[in-house]
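Chemist: Input: one structure, supplied below.
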Amino acid sequence: MTDTSDMPALPEINEDALVAELNEKSLPLPVIKPLLARIQEEAHHYFRETLDADTLVRHRATLIDKVLRALWRFRDVCTSDIALIAVGGYGRGELHPHSDIDLLLLARNEDAINQHAGDLQDFITLLWDIKLDIGHSVRTLDECVTEAQADLTIITNLLESRTLIGDQSLHSELCARITPESQWPASQFFDAKSDELNARHDKHNSADYNLEPNVKNSPGALRDIQTITWVAIRHFGKGSLQALEDNGFLTEFEHKRLASSLSFLWEVRYALHMLAGREEDRLLFDLQTQVAEVLGYKDSGRQQGVERFMSQFYRHQLSTMELSDMLMMHFTEDYMQCTPDTITPVNEHFVLCNGYLQLTTPGLFEEQPSWLLNVFTMLAQISESKGMHSSTIRALRDSRHLIDEAYRQNPEHNAIFMSLMRGKSRVVRELSRMMRYGILGRYIPSFGRIIGMMEYDLLHKYTVDEHTFRMIRLMRHFRFGDVRERFPIASRLIHKVTKKEILYLAALLHDVGKSREGDHTVNSGEIAEAFCIQHGLKPADTHMVTWLVTNHLLMSNASQRLDLSNPDDIHQFAIDVGDQYHLDMLFLISVSDTHSTNPELWTPWRAEQMRELYRNTQAALRRGLENPLHKDDVIEEIQQEAIAQLQDYGLPESRVREIWGQPGDDYFLREGVDNIVWHTREIDSHGSSIKPLVSVRQTSDRQFEGATQIFLFMKDQPNLFAVTTATLDQLNLNIQDARIMTSESENNAVDTYIVLDENNEAIVDPERIRVIRNTLCDALDEPEEFDTIIRRRTSRVLKQFDVPTHVTISNDPLMRRTVLEVTAADRPGLLARVGNILMDFGAQLQGAKILTEGEQVSDIFFIVNENGDPYSDPSSCEALCKALEDGLDEQVEEQSAV
């Protein structure tokens with residue numbers, strides 16, 4: 001027997017005693033408001049101690065019933081021809097802390113309303129004064145019937161209505177007049193609810209809702225369960241899960257699964273309302289960690305408590321969606337079908353029943369378990385199929401326990417799975433179906449462990465399994481013309497791949513190692529190699545899948561961190577890749593992985609970075625790894641081409657070289673011919689003016705296609721970088737790349753910034769470009785007087801992430817400079833703070849690679865000391881790193897307080 005002596009008590013109300021107290025004190029507010037505060041406090045205490053939302057949600061509805069009846073009696077509202085009806089969720093007897101209390105003031109006719117209008121108005125005003133979250137309507141019986149006929153929401157609310165107090169006969173009369181025989185027949189109601197469910201799923205299936213799902217309206221959330229009960233009520237007359245099982249509509253297993261998901265979702269929703277202090281049904285970032293803590297999720301291994309909680313949430317979503325889809329289909333097939341079934345034979349075991357694959361051989365999956373996989377391969381080949389029949393889904397579910405280690409090792413089963421991966425069509429659809437019906441996670445246990453897994457950051461917008469399917473789907477779409485403009489190289493390369501299953505396998509397995517401790521790329525590579533060997537792939541194909549999985553981050557990281565115009569960097573990357581085949585396959589994997597991680601971060605600029613790395617590496621491979629380009633030859637070629645173009649504009653070579661001065665080799669390598677011509681002409685037009693030169697244009701450099709370039713030319717100043725980045729930040733511009741160079745003899749700053757607007761797009765509005773130019777000119781004219789402290793508000797979402805600042809320092813012997821790598825929380829003014837700290841240390845900034853991924857920045861700065869040399873003294877290096885870490889941590893605190 002369970003010891004309940006230490007269990008907290010549920011709050012209670014004695015209705016008669018409450019009425020007596022109200023009559024005694026005559027002023028209801030001093031009685032009711034402290035009472036509501038008390039029961040809320042006691043309920044929250046009960047929840048924190050027990051997490052028993054099931055009891056609380058129903059108990060709160062009972063308590064509110066008593067309060068409303070007591071107030072009705074206190075106001076002496078008539079109980080003849082008038083009734084107070086609970087509708088909607090409150091009508092079901094369910095009430096979360098801040099849910100609306102939906103009420104219907106039902107009158108027999110207009111005369112009853114007119115006769116008691118004053119009492120009814122006083123009653124509603126009293127509820128408002130008490131601050132109860134009520135939603136109410138006043139209708140006659142005829143009005144209710146008419147409006148229910150016309151409005152799906154009204155008829156739905158009335159299905160679960162009940163009388164609180166007043167004339168009991170009114171509710172009975174209403175129910176008799178809104179039966180399926182008189183309006184909204186079960187089939188019509190079902191169709192309308194199905195359309196409503198699909199529309200809601202479409203609305204809440206965006207990336208934003210994946211990051212911050214809605215516990216009430218997202219796919220697989222409370223509304224899905226409620227939709228099942230609503231259509232059941234309309235058909236059976238009862239909608240409780242137990243009633244559905246008793247009617248044979250639900251199996252015992254399905255009843256338990258739905259009840260478990262309902263209890264979990266109620267826990268989450270109760271915690272959300274309690275923590276937010278309002279009706280909040282969206283799991284916002286600033287509430288996710290708090291909800292996880294209240295529900296008892298702790299950090300464990302490589303997963304944070306909030307990640308474990310959200311993974312559990314997504315798994316319940318998936319489970320509910322699976323059952324919801326199947327049960328809605330079950331309604332269609334077995335209860336709503338008015339015409340004879342259309343049956344099309346498929347083979348000796350299956351038919352298409354109204355387009356759905358129906359099993360006709362009972363016990364097939366137990367007698368021939370290979371069909372647990374083969375059914376999906378077969379379904380992929382039937383173009384006219386709409387999906388699986390609900391009876392087939394149930395049979396699959398009841399037999400999936402047969403997939404054990406012996407099943408997985410069976411060569412026949414391995415061959416069936418590979419035939420699906422090699423299929424010409426509907427591969428992703430059937431893989432997704434396999435996952436939804438619990439087959440894929442059992443066949444590939446390492447994949448099963450990442451189903452529903454989320455990473456608590458702003459970079460990964462989807463759960464790991466959802467990201468994986470999006471990745472495979474995108475690779476299959478590369479074959480079609482509608483994506484060719486967005487993915488020109490990938491759309492060309494995909495047709496060269498003869499064994500596309502290599503790509504699909506690599507995508508399917510590339511993140512399965514995330515459930516283990518350690519580097520997930522290494523873990524995933526080991527799993528992939530074993531999987532390929534087991535499934536009979538040839539050694540060369542096994543190598544390629546394993547290599548792609550292990551190196552799936554190589555190209556995206558390199559495109560952000562390497563100097564793509566530096567022959568030495570490109571040559572080293574070409575060595576890492578090895579040959580054209582590996583480059584092509586890696587490019588396809590990298591593009592699909594990066595885009596599917598977070599489509600919003602796949603900007604035209606980032607896409608072109610990847611393409612530029614591909615083209616430059618391809619050129620290096622064609623020359624041969626034993627014949628690398630020499631930097632001096634590249635610089636000479638760039639200079640001669642630029643001089644030739646500038647001569648066409650009337651600038652003689654002597655004037656060109658005078659303008660150039662001694663900018664350093666890096667300038668010619670990084671800027672390229674087109675930018676050098678642009679810069680030179682701008683400087684020539686600027687003449688002898690001592691004012692800063694600021695020029696803005698759309699970049700014509702293919703490497704930065706889709707972005708805006710800002711070119712700055714002036715005498716170098718110690719805090720120039722800090723002032724410039726602070727100004728760009730205040731202009732709401734996102735810096736993607738910074739080329740910071742100073743001519744050696746003239747001490748001129750020759751800086752180029754690549755920027756996007758707040759929507760990650762190039763700036764095209766002429767007026768905004770003029771404002772950018774003028775604002776920068778004003779700031780740079782007197783940089784020592786410009787305030788570089790950013791006071792822009794940090795977004796609500798960014799404030800939720802605690803990203804520790806980490807700085808590493810190393811020297812680049814080839815370029816003779818020091819490389820600072822800074823990882824920190826993304827905050828307004830971060831680059832300006834870095835610039836100020838570097839200035840304090842006398843560091844000269846030569847360049848920067850700016851990378852923002854979600855809530856985190858990972859920036860690289862190339863610096864030299866006052867003498868133009870790399871930093872070599874260990875104590876100076878340690879002091880610089882510490883100053884940056886302390887300064888940026890302070891920046892986070894300052895900005896989070898704004």
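Here's how to read the names in the structure tokens: chain A, B, ... by the order shown, residue numbers from 1 in each chain, ligand numbers from 1 in the order shown.
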Could you pull out the residues in segment 649-867 of chain A that DSSP calls helix (DSSP H, G or I) from the backbone, as an MDAnalysis selection string?
Modeler: chainID A and resid 653:660 665:686 702:704 720:730 766:781 783:785 798:800 830:840
Chemist: What lies within 10 Å of Pro488 of chain A using only C-alpha atoms, ignoring chain neighbours under 5 positions off, as a list of chain:residue names?
Modeler: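 Residues near the query, excluding close chain neighbours: A:Phe478, A:Gly481, A:Val483, A:Leu493, A:Arg611.
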Chemist: Could you tell me which of A:Pro870, A:Gly220, A:Pro804, A:Pro766 comes closest to Arg816 of chain A if we count only C-alpha atoms?
Modeler: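 Nearest to Arg816 of chain A: A:Pro870.
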Chemist: Would you list the contacts of segment 277-291 of chain A as a list in words, taking every protein, DNA or RNA residue within 8 Å and counting only C-alpha atoms, but skipping same-chain residues closer than 5 positions in sequence?
Modeler: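 The filter keeps Pro97, His98, Ser99, Leu211, Glu212, Pro213, Asn214, Val215, Lys216, Val268, Arg269, Ala271, Leu272, Gly305, Val306, Met310, Arg796, Val797, Lys799 and Gln800 of chain A.
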Chemist: Could you tell me how far atom CA of Ala292 of chain A lies from atom CA of Val57 of chain A, in Å and to one decimal?
Modeler: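 Computing it gives 19.5 Å between the two atoms.
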